[in-house]
$ cat model00.csv   # CSV, N, CA and C atoms
chain,number,residue,atom,x,y,z
A,1,MET,N,0.9,-1.2,0.0
A,1,MET,CA,0.0,0.0,0.0
A,1,MET,C,0.9,1.2,0.0
A,2,ASN,N,0.4,2.2,-0.7
A,2,ASN,CA,1.1,3.5,-0.7
A,2,ASN,C,1.3,4.1,0.7
A,3,PRO,N,2.5,4.5,1.0
A,3,PRO,CA,2.8,5.0,2.4
A,3,PRO,C,1.9,6.2,2.8
A,4,MET,N,1.6,7.0,1.8
A,4,MET,CA,0.7,8.2,2.1
A,4,MET,C,-0.7,7.7,2.6
A,5,PHE,N,-1.2,6.6,2.0
A,5,PHE,CA,-2.5,6.1,2.4
A,5,PHE,C,-2.4,5.4,3.7
A,6,ILE,N,-1.3,4.9,4.1
A,6,ILE,CA,-1.1,4.3,5.4
A,6,ILE,C,-1.2,5.4,6.4
A,7,THR,N,-0.6,6.5,6.2
A,7,THR,CA,-0.6,7.7,7.1
A,7,THR,C,-2.0,8.2,7.2
A,8,LYS,N,-2.7,8.3,6.1
A,8,LYS,CA,-4.1,8.9,6.1
A,8,LYS,C,-5.0,7.9,6.8
A,9,GLU,N,-4.8,6.6,6.6
A,9,GLU,CA,-5.6,5.6,7.3
A,9,GLU,C,-5.4,5.8,8.9
A,10,GLN,N,-4.2,6.0,9.3
A,10,GLN,CA,-3.9,6.2,10.7
A,10,GLN,C,-4.6,7.5,11.2
A,11,GLU,N,-4.6,8.6,10.4
A,11,GLU,CA,-5.3,9.8,10.7
A,11,GLU,C,-6.8,9.6,10.9
A,12,LEU,N,-7.4,8.9,9.9
A,12,LEU,CA,-8.8,8.6,10.0
A,12,LEU,C,-9.1,7.8,11.2
A,13,CYS,N,-8.3,6.8,11.5
A,13,CYS,CA,-8.6,6.0,12.7
A,13,CYS,C,-8.5,6.8,14.0
A,14,HIS,N,-7.6,7.7,14.0
A,14,HIS,CA,-7.5,8.6,15.2
A,14,HIS,C,-8.7,9.5,15.3
A,15,ALA,N,-9.1,10.1,14.1
A,15,ALA,CA,-10.3,10.9,14.1
A,15,ALA,C,-11.5,10.1,14.6
A,16,TYR,N,-11.6,8.9,14.1
A,16,TYR,CA,-12.8,8.1,14.5
A,16,TYR,C,-12.8,7.8,16.0
A,17,GLU,N,-11.6,7.5,16.5
A,17,GLU,CA,-11.4,7.3,18.0
A,17,GLU,C,-11.9,8.5,18.8
A,18,GLN,N,-11.5,9.7,18.3
A,18,GLN,CA,-11.9,10.9,18.9
A,18,GLN,C,-13.5,11.1,18.9
A,19,PHE,N,-14.1,10.7,17.7
A,19,PHE,CA,-15.5,10.8,17.6
A,19,PHE,C,-16.2,9.9,18.6
A,20,VAL,N,-15.7,8.6,18.7
A,20,VAL,CA,-16.3,7.7,19.6
A,20,VAL,C,-16.1,8.2,21.1
A,21,SER,N,-14.9,8.7,21.4
A,21,SER,CA,-14.7,9.2,22.7
A,21,SER,C,-15.6,10.4,23.0
A,22,SER,N,-15.9,11.2,22.1
A,22,SER,CA,-16.8,12.3,22.3
A,22,SER,C,-18.2,11.8,22.5
A,23,LEU,N,-18.6,10.8,21.8
A,23,LEU,CA,-19.9,10.2,22.0
A,23,LEU,C,-20.0,9.6,23.4
A,24,LYS,N,-18.9,9.1,23.9
A,24,LYS,CA,-18.9,8.6,25.3
A,24,LYS,C,-19.1,9.7,26.3
A,25,THR,N,-18.5,10.9,26.0
A,25,THR,CA,-18.6,12.1,26.8
A,25,THR,C,-20.1,12.4,26.9
A,26,LEU,N,-20.9,12.3,25.8
A,26,LEU,CA,-22.3,12.5,25.9
A,26,LEU,C,-23.0,11.6,26.8
A,27,GLU,N,-22.6,10.3,26.8
A,27,GLU,CA,-23.2,9.3,27.6
A,27,GLU,C,-23.1,9.6,29.1
A,28,ILE,N,-21.9,10.2,29.5
A,28,ILE,CA,-21.7,10.5,30.9
A,28,ILE,C,-22.7,11.6,31.4
A,29,ASN,N,-23.1,12.4,30.4
A,29,ASN,CA,-24.1,13.5,30.7
A,29,ASN,C,-23.6,14.5,31.7
A,30,ASN,N,-22.3,14.8,31.6
A,30,ASN,CA,-21.7,15.8,32.4
A,30,ASN,C,-21.5,17.1,31.6
A,31,HIS,N,-22.3,18.1,31.9
A,31,HIS,CA,-22.4,19.4,31.2
A,31,HIS,C,-21.0,20.1,31.1
A,32,ASP,N,-20.3,20.1,32.2
A,32,ASP,CA,-19.0,20.8,32.2
A,32,ASP,C,-18.0,20.1,31.3
A,33,LYS,N,-18.0,18.7,31.3
A,33,LYS,CA,-17.1,18.0,30.4
A,33,LYS,C,-17.4,18.3,29.0
A,34,ILE,N,-18.7,18.3,28.7
A,34,ILE,CA,-19.1,18.6,27.3
A,34,ILE,C,-18.7,20.0,26.9
A,35,LYS,N,-18.9,21.0,27.7
A,35,LYS,CA,-18.4,22.3,27.4
A,35,LYS,C,-16.9,22.4,27.2
A,36,GLU,N,-16.2,21.7,28.0
A,36,GLU,CA,-14.7,21.6,27.9
A,36,GLU,C,-14.3,21.0,26.6
A,37,LYS,N,-15.0,19.9,26.2
A,37,LYS,CA,-14.7,19.2,25.0
A,37,LYS,C,-14.9,20.1,23.8
A,38,ILE,N,-16.0,20.9,23.8
A,38,ILE,CA,-16.4,21.8,22.8
A,38,ILE,C,-15.3,22.8,22.6
A,39,LYS,N,-14.8,23.4,23.7
A,39,LYS,CA,-13.7,24.4,23.6
A,39,LYS,C,-12.5,23.8,23.0
A,40,ARG,N,-12.1,22.6,23.4
A,40,ARG,CA,-10.9,22.0,22.9
A,40,ARG,C,-11.1,21.7,21.4
A,41,LEU,N,-12.2,21.3,21.0
A,41,LEU,CA,-12.5,21.0,19.6
A,41,LEU,C,-12.5,22.3,18.7
A,42,ASP,N,-13.0,23.4,19.3
A,42,ASP,CA,-13.0,24.7,18.6
A,42,ASP,C,-11.5,25.1,18.4
A,43,VAL,N,-10.7,25.0,19.4
A,43,VAL,CA,-9.3,25.3,19.3
A,43,VAL,C,-8.6,24.5,18.2
A,44,ASP,N,-8.9,23.1,18.3
A,44,ASP,CA,-8.3,22.2,17.3
A,44,ASP,C,-8.7,22.6,15.9
A,45,ASN,N,-10.0,22.9,15.7
A,45,ASN,CA,-10.5,23.3,14.4
A,45,ASN,C,-9.9,24.5,13.9
A,46,ASP,N,-9.8,25.5,14.7
A,46,ASP,CA,-9.1,26.8,14.3
A,46,ASP,C,-7.6,26.6,14.0
A,47,THR,N,-7.0,25.7,14.7
A,47,THR,CA,-5.6,25.4,14.5
A,47,THR,C,-5.4,24.7,13.1
A,48,GLU,N,-6.3,23.7,12.9
A,48,GLU,CA,-6.3,23.0,11.6
A,48,GLU,C,-6.6,23.9,10.4
A,49,MET,N,-7.5,24.9,10.6
A,49,MET,CA,-7.8,25.8,9.5
A,49,MET,C,-6.6,26.7,9.2
A,50,LEU,N,-5.9,27.1,10.3
A,50,LEU,CA,-4.6,27.9,10.1
A,50,LEU,C,-3.6,27.1,9.4
A,51,LYS,N,-3.5,25.9,9.7
A,51,LYS,CA,-2.5,25.0,9.0
A,51,LYS,C,-2.8,24.9,7.5
A,52,MET,N,-4.1,24.7,7.2
A,52,MET,CA,-4.6,24.6,5.8
A,52,MET,C,-4.3,25.9,5.1
A,53,LYS,N,-4.6,27.0,5.8
A,53,LYS,CA,-4.4,28.3,5.1
A,53,LYS,C,-2.9,28.5,4.8
A,54,ARG,N,-2.0,28.1,5.7
A,54,ARG,CA,-0.6,28.2,5.4
A,54,ARG,C,-0.2,27.3,4.3
A,55,MET,N,-0.7,26.1,4.4
A,55,MET,CA,-0.3,25.1,3.3
A,55,MET,C,-0.8,25.6,1.9
A,56,SER,N,-2.0,26.2,1.9
A,56,SER,CA,-2.5,26.7,0.6
A,56,SER,C,-1.7,27.9,0.1
A,57,GLU,N,-1.2,28.7,1.0
A,57,GLU,CA,-0.3,29.8,0.6
A,57,GLU,C,1.0,29.4,0.1
A,58,ASN,N,1.5,28.3,0.7
A,58,ASN,CA,2.9,27.8,0.4
A,58,ASN,C,3.0,26.7,-0.6
A,59,SER,N,1.8,26.2,-1.0
A,59,SER,CA,1.8,25.0,-1.9
A,59,SER,C,2.3,25.4,-3.3
A,60,LYS,N,3.1,24.5,-3.9
A,60,LYS,CA,3.6,24.7,-5.3
A,60,LYS,C,2.6,24.1,-6.3
A,61,SER,N,1.7,23.3,-5.7
A,61,SER,CA,0.7,22.6,-6.6
A,61,SER,C,-0.6,23.4,-6.7
A,62,LYS,N,-1.0,23.8,-7.9
A,62,LYS,CA,-2.2,24.6,-8.1
A,62,LYS,C,-3.5,23.8,-7.6
A,63,ILE,N,-3.5,22.5,-7.9
A,63,ILE,CA,-4.7,21.7,-7.5
A,63,ILE,C,-4.7,21.6,-6.0
A,64,ASN,N,-3.6,21.4,-5.4
A,64,ASN,CA,-3.6,21.3,-3.9
A,64,ASN,C,-4.1,22.6,-3.3
A,65,THR,N,-3.6,23.7,-3.8
A,65,THR,CA,-4.1,25.0,-3.3
A,65,THR,C,-5.6,25.2,-3.5
A,66,LYS,N,-6.1,24.8,-4.6
A,66,LYS,CA,-7.6,24.9,-4.8
A,66,LYS,C,-8.4,24.0,-3.9
A,67,LEU,N,-7.9,22.8,-3.7
A,67,LEU,CA,-8.6,21.8,-2.8
A,67,LEU,C,-8.5,22.4,-1.3
A,68,LEU,N,-7.4,22.9,-0.9
A,68,LEU,CA,-7.3,23.4,0.4
A,68,LEU,C,-8.2,24.6,0.6
A,69,GLN,N,-8.2,25.5,-0.4
A,69,GLN,CA,-9.1,26.7,-0.3
A,69,GLN,C,-10.6,26.3,-0.3
A,70,CYS,N,-10.9,25.2,-1.0
A,70,CYS,CA,-12.3,24.7,-0.9
A,70,CYS,C,-12.6,24.2,0.5
A,71,GLN,N,-11.7,23.5,1.1
A,71,GLN,CA,-12.0,23.0,2.5
A,71,GLN,C,-12.1,24.2,3.5
A,72,ILE,N,-11.3,25.2,3.3
A,72,ILE,CA,-11.3,26.4,4.2
A,72,ILE,C,-12.6,27.1,4.0
A,73,SER,N,-13.0,27.3,2.7
A,73,SER,CA,-14.3,27.9,2.4
A,73,SER,C,-15.5,27.1,3.0
A,74,TYR,N,-15.5,25.8,2.9
A,74,TYR,CA,-16.5,25.0,3.5
A,74,TYR,C,-16.6,25.2,5.0
A,75,TYR,N,-15.4,25.2,5.6
A,75,TYR,CA,-15.4,25.3,7.1
A,75,TYR,C,-16.0,26.7,7.5
A,76,LYS,N,-15.5,27.7,6.8
A,76,LYS,CA,-16.0,29.1,7.1
A,76,LYS,C,-17.5,29.2,6.9
A,77,SER,N,-18.0,28.7,5.8
A,77,SER,CA,-19.4,28.7,5.5
A,77,SER,C,-20.3,28.0,6.5
A,78,MET,N,-19.8,26.8,6.9
A,78,MET,CA,-20.6,26.1,7.9
A,78,MET,C,-20.6,26.8,9.3
A,79,LYS,N,-19.4,27.3,9.6
A,79,LYS,CA,-19.3,28.1,10.9
A,79,LYS,C,-20.2,29.3,10.9
A,80,ASN,N,-20.3,30.0,9.7
A,80,ASN,CA,-21.2,31.2,9.6
A,80,ASN,C,-22.6,30.8,9.7
A,81,ILE,N,-23.0,29.7,9.1
A,81,ILE,CA,-24.4,29.3,9.1
A,81,ILE,C,-24.8,28.9,10.6
A,82,ILE,N,-24.0,28.2,11.2
A,82,ILE,CA,-24.3,27.8,12.6
A,82,ILE,C,-24.3,29.0,13.5
A,83,ASN,N,-23.3,29.9,13.3
A,83,ASN,CA,-23.3,31.1,14.2
A,83,ASN,C,-24.5,31.9,14.0
A,84,GLU,N,-25.0,32.0,12.8
A,84,GLU,CA,-26.2,32.8,12.5
A,84,GLU,C,-27.4,32.2,13.3
A,85,GLU,N,-27.5,30.8,13.3
A,85,GLU,CA,-28.6,30.1,13.9
A,85,GLU,C,-28.4,30.1,15.4
A,86,MET,N,-27.2,30.3,15.9
A,86,MET,CA,-26.9,30.1,17.4
A,86,MET,C,-26.6,31.4,18.0
A,87,ILE,N,-27.1,32.5,17.5
A,87,ILE,CA,-26.9,33.8,18.1
A,87,ILE,C,-27.4,33.8,19.6
A,88,HIS,N,-26.4,34.1,20.5
A,88,HIS,CA,-26.8,34.1,21.9
A,88,HIS,C,-27.2,35.5,22.3
A,89,ARG,N,-28.4,35.6,22.8
A,89,ARG,CA,-29.0,36.9,23.2
A,89,ARG,C,-28.8,36.9,24.7
A,90,THR,N,-28.9,38.1,25.3
A,90,THR,CA,-28.8,38.3,26.7
A,90,THR,C,-29.8,37.6,27.5
A,91,ALA,N,-31.1,37.5,27.0
A,91,ALA,CA,-32.1,36.8,27.8
A,91,ALA,C,-32.9,35.9,26.8
A,92,PRO,N,-32.3,34.8,26.4
A,92,PRO,CA,-33.0,33.9,25.5
A,92,PRO,C,-34.3,33.3,26.0
A,93,SER,N,-35.2,33.2,25.1
A,93,SER,CA,-36.5,32.6,25.5
A,93,SER,C,-36.4,31.1,25.3
A,94,ILE,N,-37.3,30.4,26.0
A,94,ILE,CA,-37.4,28.9,25.8
A,94,ILE,C,-37.5,28.5,24.3
A,95,SER,N,-38.4,29.2,23.6
A,95,SER,CA,-38.6,28.9,22.2
A,95,SER,C,-37.4,29.1,21.4
A,96,MET,N,-36.6,30.2,21.7
A,96,MET,CA,-35.4,30.4,21.0
A,96,MET,C,-34.3,29.3,21.3
A,97,ILE,N,-34.3,28.9,22.5
A,97,ILE,CA,-33.3,27.8,22.9
A,97,ILE,C,-33.8,26.5,22.2
A,98,GLU,N,-35.1,26.3,22.1
A,98,GLU,CA,-35.5,25.1,21.4
A,98,GLU,C,-35.2,25.2,20.0
A,99,GLN,N,-35.3,26.3,19.3
A,99,GLN,CA,-34.9,26.5,17.9
A,99,GLN,C,-33.4,26.2,17.8
A,100,GLN,N,-32.6,26.8,18.7
A,100,GLN,CA,-31.2,26.6,18.6
A,100,GLN,C,-30.8,25.1,18.8
A,101,THR,N,-31.5,24.5,19.7
A,101,THR,CA,-31.2,23.1,20.0
A,101,THR,C,-31.5,22.2,18.7
A,102,GLU,N,-32.7,22.5,18.1
A,102,GLU,CA,-33.0,21.8,16.9
A,102,GLU,C,-32.0,22.1,15.8
A,103,ALA,N,-31.6,23.3,15.6
A,103,ALA,CA,-30.6,23.6,14.6
A,103,ALA,C,-29.3,22.9,14.9
A,104,SER,N,-28.9,22.8,16.2
A,104,SER,CA,-27.7,22.1,16.5
A,104,SER,C,-27.8,20.6,16.2
A,105,SER,N,-28.9,20.0,16.5
A,105,SER,CA,-29.1,18.6,16.2
A,105,SER,C,-29.1,18.3,14.7
A,106,LEU,N,-29.8,19.2,14.0
A,106,LEU,CA,-29.8,19.0,12.5
A,106,LEU,C,-28.4,19.2,11.9
A,107,TYR,N,-27.6,20.1,12.5
A,107,TYR,CA,-26.2,20.3,12.0
A,107,TYR,C,-25.4,19.1,12.3
A,108,ALA,N,-25.5,18.5,13.5
A,108,ALA,CA,-24.8,17.3,13.9
A,108,ALA,C,-25.1,16.2,13.0
A,109,GLU,N,-26.4,16.0,12.7
A,109,GLU,CA,-26.8,14.9,11.7
A,109,GLU,C,-26.2,15.2,10.4
A,110,TYR,N,-26.2,16.4,9.9
A,110,TYR,CA,-25.7,16.8,8.6
A,110,TYR,C,-24.2,16.5,8.5
A,111,VAL,N,-23.5,16.8,9.6
A,111,VAL,CA,-22.0,16.7,9.6
A,111,VAL,C,-21.7,15.2,9.5
A,112,VAL,N,-22.4,14.3,10.3
A,112,VAL,CA,-22.1,12.9,10.2
A,112,VAL,C,-22.4,12.4,8.8
A,113,ASP,N,-23.5,12.8,8.2
A,113,ASP,CA,-23.8,12.4,6.8
A,113,ASP,C,-22.7,12.8,5.9
A,114,PHE,N,-22.2,14.1,6.1
A,114,PHE,CA,-21.2,14.6,5.2
A,114,PHE,C,-19.9,13.8,5.4
A,115,ALA,N,-19.6,13.4,6.6
A,115,ALA,CA,-18.4,12.5,6.9
A,115,ALA,C,-18.5,11.2,6.2
A,116,LYS,N,-19.7,10.6,6.2
A,116,LYS,CA,-19.9,9.3,5.5
A,116,LYS,C,-19.7,9.5,4.0
A,117,GLU,N,-20.2,10.6,3.5
A,117,GLU,CA,-20.0,10.8,2.0
A,117,GLU,C,-18.6,11.1,1.7
A,118,SER,N,-17.9,11.8,2.6
A,118,SER,CA,-16.5,12.1,2.5
A,118,SER,C,-15.7,10.8,2.4
A,119,MET,N,-16.1,9.9,3.3
A,119,MET,CA,-15.4,8.6,3.3
A,119,MET,C,-15.5,7.8,2.0
A,120,ARG,N,-16.7,7.9,1.4
A,120,ARG,CA,-16.9,7.2,0.1
A,120,ARG,C,-16.1,7.9,-1.0
A,121,GLN,N,-16.0,9.2,-0.9
A,121,GLN,CA,-15.2,10.0,-1.9
A,121,GLN,C,-13.7,9.7,-1.7
A,122,ALA,N,-13.3,9.6,-0.4
A,122,ALA,CA,-11.9,9.3,-0.1
A,122,ALA,C,-11.5,7.9,-0.7
A,123,VAL,N,-12.4,6.9,-0.5
A,123,VAL,CA,-12.1,5.6,-1.0
A,123,VAL,C,-12.0,5.6,-2.6
A,124,ARG,N,-12.9,6.3,-3.2
A,124,ARG,CA,-12.9,6.4,-4.7
A,124,ARG,C,-11.6,7.1,-5.1
A,125,ALA,N,-11.3,8.2,-4.5
A,125,ALA,CA,-10.0,8.9,-4.8
A,125,ALA,C,-8.8,8.1,-4.7
A,126,ALA,N,-8.7,7.3,-3.6
A,126,ALA,CA,-7.6,6.4,-3.4
A,126,ALA,C,-7.5,5.3,-4.4
A,127,LEU,N,-8.7,4.8,-4.8
A,127,LEU,CA,-8.7,3.7,-5.8
A,127,LEU,C,-8.3,4.3,-7.2
A,128,VAL,N,-8.7,5.5,-7.5
A,128,VAL,CA,-8.4,6.1,-8.8
A,128,VAL,C,-6.9,6.4,-8.8
A,129,ALA,N,-6.3,6.9,-7.7
A,129,ALA,CA,-4.9,7.2,-7.6
A,129,ALA,C,-4.1,5.9,-7.8
A,130,ALA,N,-4.5,4.8,-7.1
A,130,ALA,CA,-3.8,3.5,-7.2
A,130,ALA,C,-3.9,3.0,-8.7
A,131,ASP,N,-5.1,3.1,-9.3
A,131,ASP,CA,-5.3,2.7,-10.7
A,131,ASP,C,-4.4,3.4,-11.6
A,132,GLN,N,-4.3,4.7,-11.4
A,132,GLN,CA,-3.4,5.5,-12.3
A,132,GLN,C,-1.9,5.2,-12.1
A,133,GLN,N,-1.6,4.9,-10.8
A,133,GLN,CA,-0.2,4.6,-10.5
A,133,GLN,C,0.2,3.2,-11.2
A,134,MET,N,-0.8,2.3,-11.1
A,134,MET,CA,-0.5,1.0,-11.7
A,134,MET,C,-0.5,1.1,-13.2
A,135,THR,N,-1.3,1.9,-13.8
A,135,THR,CA,-1.3,2.1,-15.2
A,135,THR,C,0.1,2.7,-15.6
A,136,LEU,N,0.5,3.6,-14.9
A,136,LEU,CA,1.8,4.3,-15.2
A,136,LEU,C,2.9,3.2,-15.1
A,137,ASN,N,2.9,2.4,-14.0
A,137,ASN,CA,3.9,1.4,-13.8
A,137,ASN,C,3.9,0.4,-15.0
A,138,GLU,N,2.7,0.0,-15.4
A,138,GLU,CA,2.6,-1.0,-16.5
A,138,GLU,C,3.2,-0.4,-17.8
A,139,MET,N,3.1,0.9,-18.0
A,139,MET,CA,3.6,1.6,-19.2
A,139,MET,C,5.1,1.7,-19.2
A,140,LYS,N,5.7,1.6,-18.1
A,140,LYS,CA,7.2,1.8,-18.0
A,140,LYS,C,7.9,0.5,-18.5
$ encode --input "model00.csv" --output "structure tokens"
Amino acid sequence: MNPMFITKEQELCHAYEQFVSSLKTLEINNHDKIKEKIKRLDVDNDTEMLKMKRMSENSKSKINTKLLQCQISYYKSMKNIINEEMIHRTAPSISMIEQQTEASSLYAEYVVDFAKESMRQAVRAALVAADQQMTLNEMK
């Protein structure tokens, strides 16, 4: 297997372990731990976005730059949509909190669906890359 895909597989396994760990945090039903986990994930997300931004600015590959910019744009768009739905007011009403809760739940469901679709696309991209590498090797 291509060493790059081994590394990516390890990264995906780590991300999945974090996902499962976070779900276990929900099972504990400890509000403070959940808030702490959210803060850590927000910092991690912002750090990851900064890394992607730097990589896109320093990349010598045009396609890599475009793909990174697409990811950054997606992240910013999703963050803006959620922030618009989650505006915290000084004295929120129960109905507003219910609406925010529903929006959060829908967003969580969407993100999991998006992750599943991303995995399908990742598998296809890896197979296409392997196919093209094998075709190139056969031509040599």
$ atom_distance --input "model00.csv" --atom1 "atom C of Tyr107 of chain A" --atom2 "atom C of Leu23 of chain A"
15.6 Å
$ closest_atom_pairs --input "model00.csv" --of "segment 10-54 of chain A" --to "segment 67-81 of chain A" --cutoff "7 Å" --atoms "all atoms listed in the file" --output "tab-separated table"
residue	atom	partner	partner_atom	distance
A:Met49	CA	A:Ile72	CA	6.4
A:Met52	C	A:Leu68	C	6.1
A:Lys53	N	A:Leu68	C	6.8
$ atom_distance --input "model00.csv" --atom1 "atom CA of Leu12 of chain A" --atom2 "atom CA of Ala115 of chain A"
10.8 Å
